[in-house]
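**Student:** File name input.cif; file contents mmCIF, C-alpha atoms; full text below.
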data_run
#
loop_
_atom_site.label_atom_id
_atom_site.label_comp_id
_atom_site.auth_asym_id
_atom_site.auth_seq_id
_atom_site.Cartn_x
_atom_site.Cartn_y
_atom_site.Cartn_z
CA MET A 17 -69.52 -41.52 46.34
CA SER A 18 -69.53 -44.83 48.21
CA TYR A 19 -68.08 -44.96 51.74
CA LYS A 20 -68.72 -48.67 52.22
CA ASN A 21 -65.10 -49.82 52.54
CA ILE A 22 -63.77 -46.82 54.46
CA PRO A 23 -62.84 -47.57 58.12
CA ARG A 24 -65.07 -46.05 60.81
CA LEU A 25 -63.91 -44.81 64.20
CA PHE A 26 -65.87 -43.68 67.26
CA ILE A 27 -64.16 -40.78 68.97
CA ASP A 28 -65.24 -38.88 72.06
CA LYS A 29 -64.39 -35.43 70.69
CA GLU A 30 -66.26 -32.60 68.99
CA LEU A 31 -66.52 -33.00 65.22
CA LYS A 32 -66.94 -30.07 62.85
CA LEU A 33 -65.47 -28.80 59.58
CA GLN A 34 -61.66 -28.36 59.62
CA THR A 35 -61.37 -29.65 63.21
CA ILE A 36 -58.02 -31.30 63.95
CA ILE A 37 -58.40 -34.54 65.90
CA TYR A 38 -55.60 -35.82 68.14
CA LEU A 39 -55.91 -39.56 68.61
CA ASN A 40 -55.33 -41.54 71.78
CA LYS A 41 -52.70 -44.26 71.87
CA ASN A 42 -55.05 -47.16 71.13
CA ASP A 43 -56.79 -45.53 68.16
CA LYS A 44 -53.48 -44.37 66.72
CA HIS A 45 -52.07 -47.90 66.99
CA TYR A 46 -55.18 -49.35 65.34
CA LEU A 47 -55.07 -47.02 62.34
CA LYS A 48 -51.31 -46.94 61.89
CA ASN A 49 -50.19 -50.47 62.72
CA VAL A 50 -53.29 -52.62 62.17
CA LEU A 51 -54.93 -50.91 59.20
CA ARG A 52 -51.60 -49.55 57.86
CA MET A 53 -53.13 -46.17 57.05
CA LYS A 54 -50.96 -43.29 55.84
CA ILE A 55 -51.09 -39.56 55.12
CA ASP A 56 -54.12 -38.45 53.03
CA ASN A 57 -55.94 -41.76 53.66
CA THR A 58 -59.58 -41.19 54.64
CA LEU A 59 -61.80 -42.64 57.35
CA LEU A 60 -65.20 -41.91 58.89
CA LEU A 61 -65.58 -40.43 62.37
CA PHE A 62 -68.63 -40.29 64.65
CA ASN A 63 -69.18 -39.31 68.28
CA GLY A 64 -72.92 -39.86 68.83
CA LYS A 65 -73.66 -36.12 68.70
CA ASP A 66 -72.29 -34.42 65.58
CA GLY A 67 -73.14 -36.88 62.82
CA GLU A 68 -70.62 -38.78 60.69
CA TRP A 69 -67.63 -37.00 59.18
CA LEU A 70 -65.11 -37.83 56.48
CA ALA A 71 -61.61 -37.19 57.84
CA LYS A 72 -58.11 -37.29 56.41
CA ILE A 73 -54.83 -38.28 58.04
CA GLN A 74 -52.61 -35.19 58.18
CA ASP A 75 -49.13 -36.60 58.79
CA ASN A 76 -47.37 -39.89 59.38
CA LYS A 77 -45.64 -38.98 62.65
CA LYS A 78 -48.31 -37.34 64.83
CA PHE A 79 -51.08 -39.11 62.92
CA ASN A 80 -53.57 -36.26 63.40
CA LEU A 81 -56.92 -36.24 61.57
CA LYS A 82 -58.82 -33.40 59.95
CA CYS A 83 -62.61 -33.31 59.42
CA VAL A 84 -63.27 -32.39 55.78
CA GLU A 85 -66.93 -33.21 55.06
CA LEU A 86 -70.18 -34.05 56.89
CA ILE A 87 -71.47 -37.34 55.48
CA LYS A 88 -74.51 -38.02 57.68
CA LYS A 89 -76.42 -35.75 60.02
CA GLN A 90 -77.00 -37.00 63.55
CA GLU A 91 -80.30 -38.82 63.95
CA VAL A 92 -82.58 -39.10 66.98
CA PHE A 93 -82.26 -42.61 68.35
CA ASN A 94 -85.01 -44.32 70.35
CA GLY A 95 -84.12 -47.99 70.59
CA PRO A 96 -85.22 -50.26 73.46
CA THR A 97 -83.51 -50.71 76.81
CA PHE A 98 -82.12 -54.16 77.56
CA TYR A 99 -81.70 -55.57 81.08
CA PHE A 100 -79.82 -58.82 81.52
CA SER A 101 -78.30 -60.90 84.27
CA ILE A 102 -74.54 -61.27 83.81
CA ILE A 103 -73.57 -64.40 81.90
CA LYS A 104 -70.24 -66.18 81.38
CA PRO A 105 -67.47 -63.89 80.05
CA THR A 106 -67.01 -66.01 76.93
CA ASN A 107 -70.64 -65.32 75.93
CA LEU A 108 -70.90 -61.82 77.39
CA ARG A 109 -68.82 -60.17 74.67
CA TRP A 110 -70.94 -61.76 71.96
CA LEU A 111 -74.13 -60.64 73.73
CA ILE A 112 -73.02 -57.00 74.07
CA GLU A 113 -71.87 -56.86 70.45
CA LYS A 114 -75.21 -58.19 69.17
CA LEU A 115 -77.26 -55.91 71.43
CA THR A 116 -75.33 -53.00 69.95
CA GLU A 117 -75.73 -54.16 66.36
CA LEU A 118 -79.47 -54.74 66.81
CA GLY A 119 -80.03 -51.19 68.00
CA VAL A 120 -80.56 -51.08 71.76
CA LYS A 121 -80.43 -47.66 73.36
CA LYS A 122 -79.35 -48.79 76.84
CA ILE A 123 -77.49 -51.86 78.08
CA CYS A 124 -78.18 -52.61 81.75
CA PRO A 125 -76.40 -55.48 83.52
CA ILE A 126 -77.89 -56.75 86.78
CA VAL A 127 -76.90 -59.26 89.46
CA THR A 128 -79.52 -61.89 90.31
CA ASP A 129 -79.59 -64.84 92.70
CA TYR A 130 -78.38 -67.28 90.03
CA THR A 131 -75.89 -64.97 88.32
CA ASN A 132 -72.69 -66.88 87.52
CA SER A 133 -70.39 -63.93 88.14
CA LYS A 134 -70.86 -60.87 90.34
CA LYS A 135 -68.29 -58.80 88.42
CA PHE A 136 -68.78 -56.70 85.29
CA ASN A 137 -65.89 -55.03 83.47
CA GLU A 138 -67.23 -51.69 82.18
CA ARG A 139 -64.04 -50.90 80.28
CA LYS A 140 -64.23 -54.11 78.26
CA ALA A 141 -67.97 -53.65 77.70
CA PHE A 142 -67.36 -50.15 76.33
CA HIS A 143 -64.72 -51.56 73.98
CA TYR A 144 -67.17 -54.21 72.72
CA MET A 145 -69.86 -51.56 72.10
CA LYS A 146 -67.38 -49.28 70.35
CA GLU A 147 -66.20 -51.97 67.94
CA ALA A 148 -69.75 -53.16 67.20
CA SER A 149 -70.94 -49.59 66.52
CA GLU A 150 -68.06 -48.92 64.17
CA VAL A 151 -68.74 -52.08 62.16
CA SER A 152 -72.55 -51.82 62.11
CA GLU A 153 -72.66 -48.15 60.97
CA ARG A 154 -74.41 -46.90 64.09
CA LEU A 155 -74.01 -43.17 64.67
CA ASN A 156 -73.82 -43.60 68.44
CA LEU A 157 -72.97 -46.08 71.16
CA PRO A 158 -75.54 -47.57 73.53
CA TYR A 159 -75.64 -46.03 76.99
CA LEU A 160 -74.06 -48.44 79.46
CA GLU A 161 -75.73 -48.46 82.88
CA LYS A 162 -73.81 -49.25 86.04
CA LEU A 163 -74.13 -52.79 87.36
CA SER A 164 -77.17 -52.96 89.64
CA THR A 165 -78.86 -55.49 91.91
CA PHE A 166 -82.19 -57.15 91.18
CA LYS A 167 -83.73 -55.12 94.02
CA ASP A 168 -82.50 -51.85 92.51
CA PHE A 169 -83.77 -52.91 89.09
CA ILE A 170 -87.30 -53.47 90.44
CA LYS A 171 -87.23 -50.16 92.32
CA LYS A 172 -86.10 -48.30 89.20
CA ILE A 173 -88.75 -49.63 86.82
CA LYS A 174 -91.47 -48.98 89.39
CA ASN A 175 -90.33 -45.39 89.93
CA ASP A 176 -89.95 -44.73 86.20
CA GLN A 177 -93.19 -46.60 85.34
CA GLU A 178 -91.12 -48.40 82.74
CA ASN A 179 -92.84 -51.21 80.81
CA VAL A 180 -90.56 -54.24 80.76
CA ILE A 181 -91.04 -57.35 78.65
CA PHE A 182 -89.84 -60.29 80.72
CA CYS A 183 -88.67 -63.11 78.44
CA ASN A 184 -89.93 -66.00 80.56
CA GLU A 185 -89.77 -69.77 80.09
CA ASN A 186 -93.42 -70.28 81.06
CA ARG A 187 -95.20 -71.99 78.15
CA LYS A 188 -98.57 -70.57 79.27
CA ASP A 189 -97.54 -66.97 78.60
CA ILE A 190 -98.52 -65.10 75.46
CA SER A 191 -95.86 -65.22 72.76
CA LEU A 192 -93.84 -62.08 72.12
CA ALA A 193 -95.06 -61.90 68.51
CA LYS A 194 -98.72 -62.09 69.57
CA TYR A 195 -98.15 -59.47 72.25
CA PHE A 196 -96.56 -57.10 69.72
CA LYS A 197 -99.48 -57.56 67.31
CA ILE A 198 -101.72 -56.01 69.95
CA ASN A 199 -99.44 -53.78 72.02
CA PHE A 200 -96.36 -52.82 69.99
CA SER A 201 -94.54 -49.73 71.24
CA ARG A 202 -91.11 -48.28 70.46
CA LYS A 203 -90.80 -47.29 74.11
CA ILE A 204 -90.19 -50.68 75.66
CA SER A 205 -87.58 -52.55 77.69
CA PHE A 206 -86.56 -56.20 77.75
CA LEU A 207 -85.38 -58.46 80.56
CA ILE A 208 -83.64 -61.82 80.32
CA GLY A 209 -82.39 -63.89 83.22
CA PRO A 210 -79.21 -65.89 83.83
CA GLU A 211 -78.49 -69.47 82.84
CA GLY A 212 -80.76 -71.37 85.19
CA GLY A 213 -83.37 -68.61 85.24
CA PHE A 214 -84.55 -66.44 88.11
CA SER A 215 -84.94 -67.76 91.64
CA PRO A 216 -88.48 -68.53 92.93
CA GLU A 217 -88.44 -65.36 95.03
CA GLU A 218 -87.34 -63.21 92.08
CA LEU A 219 -90.01 -64.79 89.87
CA LYS A 220 -92.65 -64.00 92.46
CA ILE A 221 -91.57 -60.35 92.53
CA LEU A 222 -91.42 -60.06 88.74
CA LEU A 223 -94.84 -61.58 88.17
CA SER A 224 -96.41 -59.34 90.82
CA THR A 225 -94.89 -56.14 89.43
CA LYS A 226 -97.56 -54.28 87.49
CA ASN A 227 -95.46 -53.00 84.60
CA VAL A 228 -93.62 -56.28 83.92
CA ILE A 229 -95.13 -58.23 81.00
CA SER A 230 -94.25 -61.93 81.00
CA VAL A 231 -94.00 -63.48 77.51
CA LYS A 232 -92.67 -66.67 75.97
CA LEU A 233 -90.28 -66.53 73.03
CA ASN A 234 -90.38 -70.02 71.56
CA LYS A 235 -91.50 -73.59 72.11
CA ARG A 236 -87.95 -74.43 73.21
CA ILE A 237 -85.82 -73.14 76.07
CA MET A 238 -83.11 -70.77 74.86
CA ARG A 239 -79.76 -69.73 76.22
CA ALA A 240 -79.69 -66.18 77.58
CA GLU A 241 -77.82 -64.74 74.61
CA THR A 242 -80.08 -66.54 72.11
CA ALA A 243 -83.16 -65.17 73.88
CA ALA A 244 -81.72 -61.66 73.62
CA ILE A 245 -81.17 -61.93 69.85
CA PHE A 246 -84.58 -63.54 69.29
CA SER A 247 -86.48 -60.88 71.25
CA LEU A 248 -84.70 -57.95 69.58
CA SER A 249 -85.10 -59.46 66.11
CA THR A 250 -88.84 -59.77 66.77
CA TYR A 251 -88.94 -56.17 67.99
CA ASN A 252 -87.13 -54.92 64.89
CA THR A 253 -89.48 -56.83 62.60
CA PHE A 254 -92.53 -55.15 64.15
CA LEU A 255 -90.73 -51.81 64.15
CA ASP A 256 -90.20 -52.09 60.40
CA LEU A 257 -93.82 -53.13 59.82
CA ASN A 258 -95.14 -50.18 61.81
CA GLU A 259 -92.89 -47.74 59.98
CA VAL A 260 -94.18 -49.04 56.62
CA LYS A 261 -97.79 -48.56 57.78
CA SER A 262 -97.08 -44.96 58.82
CA GLU A 263 -95.60 -43.99 55.45
#
Could you take the file, read its structure, and then write that structure out as structure tokens?

**Tutor:**
Amino acid sequence: MSYKNIPRLFIDKELKLQTIIYLNKNDKHYLKNVLRMKIDNTLLLFNGKDGEWLAKIQDNKKFNLKCVELIKKQEVFNGPTFYFSIIKPTNLRWLIEKLTELGVKKICPIVTDYTNSKKFNERKAFHYMKEASEVSERLNLPYLEKLSTFKDFIKKIKNDQENVIFCNENRKDISLAKYFKINFSRKISFLIGPEGGFSPEELKILLSTKNVISVKLNKRIMRAETAAIFSLSTYNTFLDLNEVKSE
């Protein structure tokens, strides 16, 4: 049976056979008034823990759902972590959606010296991740870190001994593709800066931090969101190649 055209919904509740799901106001409105779903219509549910379930609408008034069949078992997910300086709100939604679709495990916003805005709306970011996960057939949502400062970011990666690929604009750096040919690892993090780049002091700190690897992405300078998509697309290409070799 094909489930391609069946709506998907992320829900933060336990999913198991015959479980009755009571929807919140927003999800109920989406299914009932936007998708025009009715009793006995089916949809797919996932919560990031219990796999993906086929569910049926039980009644038209309360609009409760009932889990009737496990479609996909939950998989272990080990995507990369992505650190980024906050960009303009009009581009931020697009960035978060694409990070989700391309398979990041963690999304980590940071404030840098040249950050355009010092505010980050976690509620809206969660909504963007939820929608992107539902559409892209992910079985989980990325983990959204709290907004942190550049100083806290450096402290964290040093303490965790976390290897971070810094997508730099320096043309003398090794390209990301060449670096991955020699040193590809699934356990990696990425960092992109704001429009205008990092300040001289921040650059000095980054380039002197042992576990930060500075790479170039292209012969041209990219916008922050373009750099994010380019770096993750390159990562996914090498991930696929390495999985083929291991088969």

**Student:** Given the point (-90.9, -70.2, 80.6) in the coordinates of this file, which residues lie within 10 Å, counting only C-alpha atoms, and how would they look as a PyMOL selection string?

**Tutor:** chain A and resi 182-189+213+230-238

**Student:** Restrict the selected residues to C-alpha atoms and save them as a compact mmCIF listing (two decimals), in the coordinates of the input.

**Tutor:**
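Listed below is the output, part28.txt:
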# COMPACT_ATOMS: atom_id res chain seq x y z
CA PHE A 182 -89.84 -60.29 80.72
CA CYS A 183 -88.67 -63.11 78.44
CA ASN A 184 -89.93 -66.00 80.56
CA GLU A 185 -89.77 -69.77 80.09
CA ASN A 186 -93.42 -70.28 81.06
CA ARG A 187 -95.20 -71.99 78.15
CA LYS A 188 -98.57 -70.57 79.27
CA ASP A 189 -97.54 -66.97 78.60
CA GLY A 213 -83.37 -68.61 85.24
CA SER A 230 -94.25 -61.93 81.00
CA VAL A 231 -94.00 -63.48 77.51
CA LYS A 232 -92.67 -66.67 75.97
CA LEU A 233 -90.28 -66.53 73.03
CA ASN A 234 -90.38 -70.02 71.56
CA LYS A 235 -91.50 -73.59 72.11
CA ARG A 236 -87.95 -74.43 73.21
CA ILE A 237 -85.82 -73.14 76.07
CA MET A 238 -83.11 -70.77 74.86

**Student:** Interatomic distance between atom CA of A:Thr253 and atom CA of A:Val92?

**Tutor:**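 Pair atom CA of A:Thr253 / atom CA of A:Val92 returns 19.5 Å.
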
**Student:** As a check of understanding, name the residues that the PyMOL selection byres ((chain A and resi 201-206) around 12) selects in the supplied structure, as an MDAnalysis selection string.

**Tutor:** chainID A and resid 93:101 115 119:125 173 176:184 192 195:200 207:209 227:231 233 243:248 250:259

**Student:** Step by step, work through what the PyMOL selection byres ((chain A and resi 212) around 10) selects in the shown file, and finish by giving those residues as a list in words.

**Tutor:**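 Here the PyMOL selection byres ((chain A and resi 212) around 10) matches Tyr130, Thr131, Asn132, Gly209, Pro210, Glu211, Gly213, Phe214, Ser215, Arg239 and Ala240 of chain A.
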
**Student:** I'd like the contact shell of A:Arg109 - 9 Å cut-off, only C-alpha atoms, skipping same-chain residues fewer than 5 positions apart - returned as a list in words.

**Tutor:** Lys114, Lys140, Ala141 and Tyr144 of chain A

**Student:** I want to know what sits within 9 Å of stretch 145-154 of chain A, based on only C-alpha atoms, with residues of the same chain fewer than 5 positions away left out; could you give that as a list of chain:residue names?

**Tutor:**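 In the requested form, the answer reads A:Pro23, A:Arg24, A:Leu25, A:Phe26, A:Phe62, A:Gly64, A:Ile112, A:Glu113, A:Lys114, A:Leu115, A:Thr116, A:Glu117, A:Leu118, A:Gly119, A:Lys140.
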
**Student:** Quick one: residues within 12 Å of A:Leu60, all atoms listed in the file, excluding same-chain residues fewer than 6 positions away - as a VMD selection string?

**Tutor:** chain A and resid 18 to 27 31 47 67 to 73 81 to 88 150 to 151 153 to 155

**Student:** Evaluate the PyMOL selection byres ((chain A and resi 90) around 6) here and jot the selected residues down as JSON, numbers by chain.

**Tutor:** {"A": [66, 67, 89, 91]}

**Student:** Those selected residues, please, written with C-alpha atoms and delivered as a PDB file, in the frame of the given file.

**Tutor:**
ATOM      1  CA  ASP A  66     -72.290 -34.420  65.580  1.00  0.00           C
ATOM      2  CA  GLY A  67     -73.140 -36.880  62.820  1.00  0.00           C
ATOM      3  CA  LYS A  89     -76.420 -35.750  60.020  1.00  0.00           C
ATOM      4  CA  GLU A  91     -80.300 -38.820  63.950  1.00  0.00           C
TER       5      GLU A  91
END

**Student:** Which residue, A:Ile126, A:Ile55, A:Ile190, A:Val50, has the smallest gap to A:Asp75 when you use all atoms listed in the file?

**Tutor:**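 Ranking A:Ile126, A:Ile55, A:Ile190, A:Val50 by distance to A:Asp75, first place goes to A:Ile55.
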
**Student:** Find the axis-aligned box for stretch 28-38 of chain A, covering all its listed atoms and adding 6 Å on each side, and write its centre and edge lengths in Å to one decimal as AutoDock Vina command-line options.

**Tutor:**
--center_x -61.3 --center_y -33.6 --center_z 65.8 --size_x 23.3 --size_y 22.5 --size_z 24.5

**Student:** Please return stretch 159-173 of chain A, rebuilt to N, CA and C atoms, as a PDB file, in the coordinates of the input.

**Tutor:**
ATOM      1  N   TYR A 159     -75.995 -46.524  75.661  1.00  0.00           N
ATOM      2  CA  TYR A 159     -75.640 -46.030  76.990  1.00  0.00           C
ATOM      3  C   TYR A 159     -75.473 -47.224  77.907  1.00  0.00           C
ATOM      4  N   LEU A 160     -74.344 -47.318  78.578  1.00  0.00           N
ATOM      5  CA  LEU A 160     -74.060 -48.440  79.460  1.00  0.00           C
ATOM      6  C   LEU A 160     -74.363 -48.063  80.902  1.00  0.00           C
ATOM      7  N   GLU A 161     -75.372 -48.714  81.483  1.00  0.00           N
ATOM      8  CA  GLU A 161     -75.730 -48.460  82.880  1.00  0.00           C
ATOM      9  C   GLU A 161     -74.727 -49.150  83.818  1.00  0.00           C
ATOM     10  N   LYS A 162     -74.622 -48.614  85.014  1.00  0.00           N
ATOM     11  CA  LYS A 162     -73.810 -49.250  86.040  1.00  0.00           C
ATOM     12  C   LYS A 162     -74.452 -50.582  86.453  1.00  0.00           C
ATOM     13  N   LEU A 163     -73.622 -51.517  86.870  1.00  0.00           N
ATOM     14  CA  LEU A 163     -74.130 -52.790  87.360  1.00  0.00           C
ATOM     15  C   LEU A 163     -75.040 -52.547  88.562  1.00  0.00           C
ATOM     16  N   SER A 164     -76.226 -53.154  88.540  1.00  0.00           N
ATOM     17  CA  SER A 164     -77.170 -52.960  89.640  1.00  0.00           C
ATOM     18  C   SER A 164     -77.656 -54.308  90.168  1.00  0.00           C
ATOM     19  N   THR A 165     -78.278 -54.283  91.330  1.00  0.00           N
ATOM     20  CA  THR A 165     -78.860 -55.490  91.910  1.00  0.00           C
ATOM     21  C   THR A 165     -80.276 -55.682  91.381  1.00  0.00           C
ATOM     22  N   PHE A 166     -80.813 -56.876  91.581  1.00  0.00           N
ATOM     23  CA  PHE A 166     -82.190 -57.150  91.180  1.00  0.00           C
ATOM     24  C   PHE A 166     -83.148 -56.221  91.925  1.00  0.00           C
ATOM     25  N   LYS A 167     -82.879 -55.997  93.209  1.00  0.00           N
ATOM     26  CA  LYS A 167     -83.730 -55.120  94.020  1.00  0.00           C
ATOM     27  C   LYS A 167     -83.745 -53.703  93.465  1.00  0.00           C
ATOM     28  N   ASP A 168     -82.581 -53.197  93.075  1.00  0.00           N
ATOM     29  CA  ASP A 168     -82.500 -51.850  92.510  1.00  0.00           C
ATOM     30  C   ASP A 168     -83.202 -51.773  91.151  1.00  0.00           C
ATOM     31  N   PHE A 169     -83.094 -52.842  90.380  1.00  0.00           N
ATOM     32  CA  PHE A 169     -83.770 -52.910  89.090  1.00  0.00           C
ATOM     33  C   PHE A 169     -85.286 -52.771  89.264  1.00  0.00           C
ATOM     34  N   ILE A 170     -85.856 -53.531  90.187  1.00  0.00           N
ATOM     35  CA  ILE A 170     -87.300 -53.470  90.440  1.00  0.00           C
ATOM     36  C   ILE A 170     -87.703 -52.071  90.912  1.00  0.00           C
ATOM     37  N   LYS A 171     -86.936 -51.504  91.803  1.00  0.00           N
ATOM     38  CA  LYS A 171     -87.230 -50.160  92.320  1.00  0.00           C
ATOM     39  C   LYS A 171     -87.211 -49.135  91.184  1.00  0.00           C
ATOM     40  N   LYS A 172     -86.240 -49.246  90.295  1.00  0.00           N
ATOM     41  CA  LYS A 172     -86.100 -48.300  89.200  1.00  0.00           C
ATOM     42  C   LYS A 172     -87.296 -48.354  88.243  1.00  0.00           C
ATOM     43  N   ILE A 173     -87.661 -49.555  87.810  1.00  0.00           N
ATOM     44  CA  ILE A 173     -88.750 -49.630  86.820  1.00  0.00           C
ATOM     45  C   ILE A 173     -90.093 -49.234  87.425  1.00  0.00           C
TER      46      ILE A 173
END
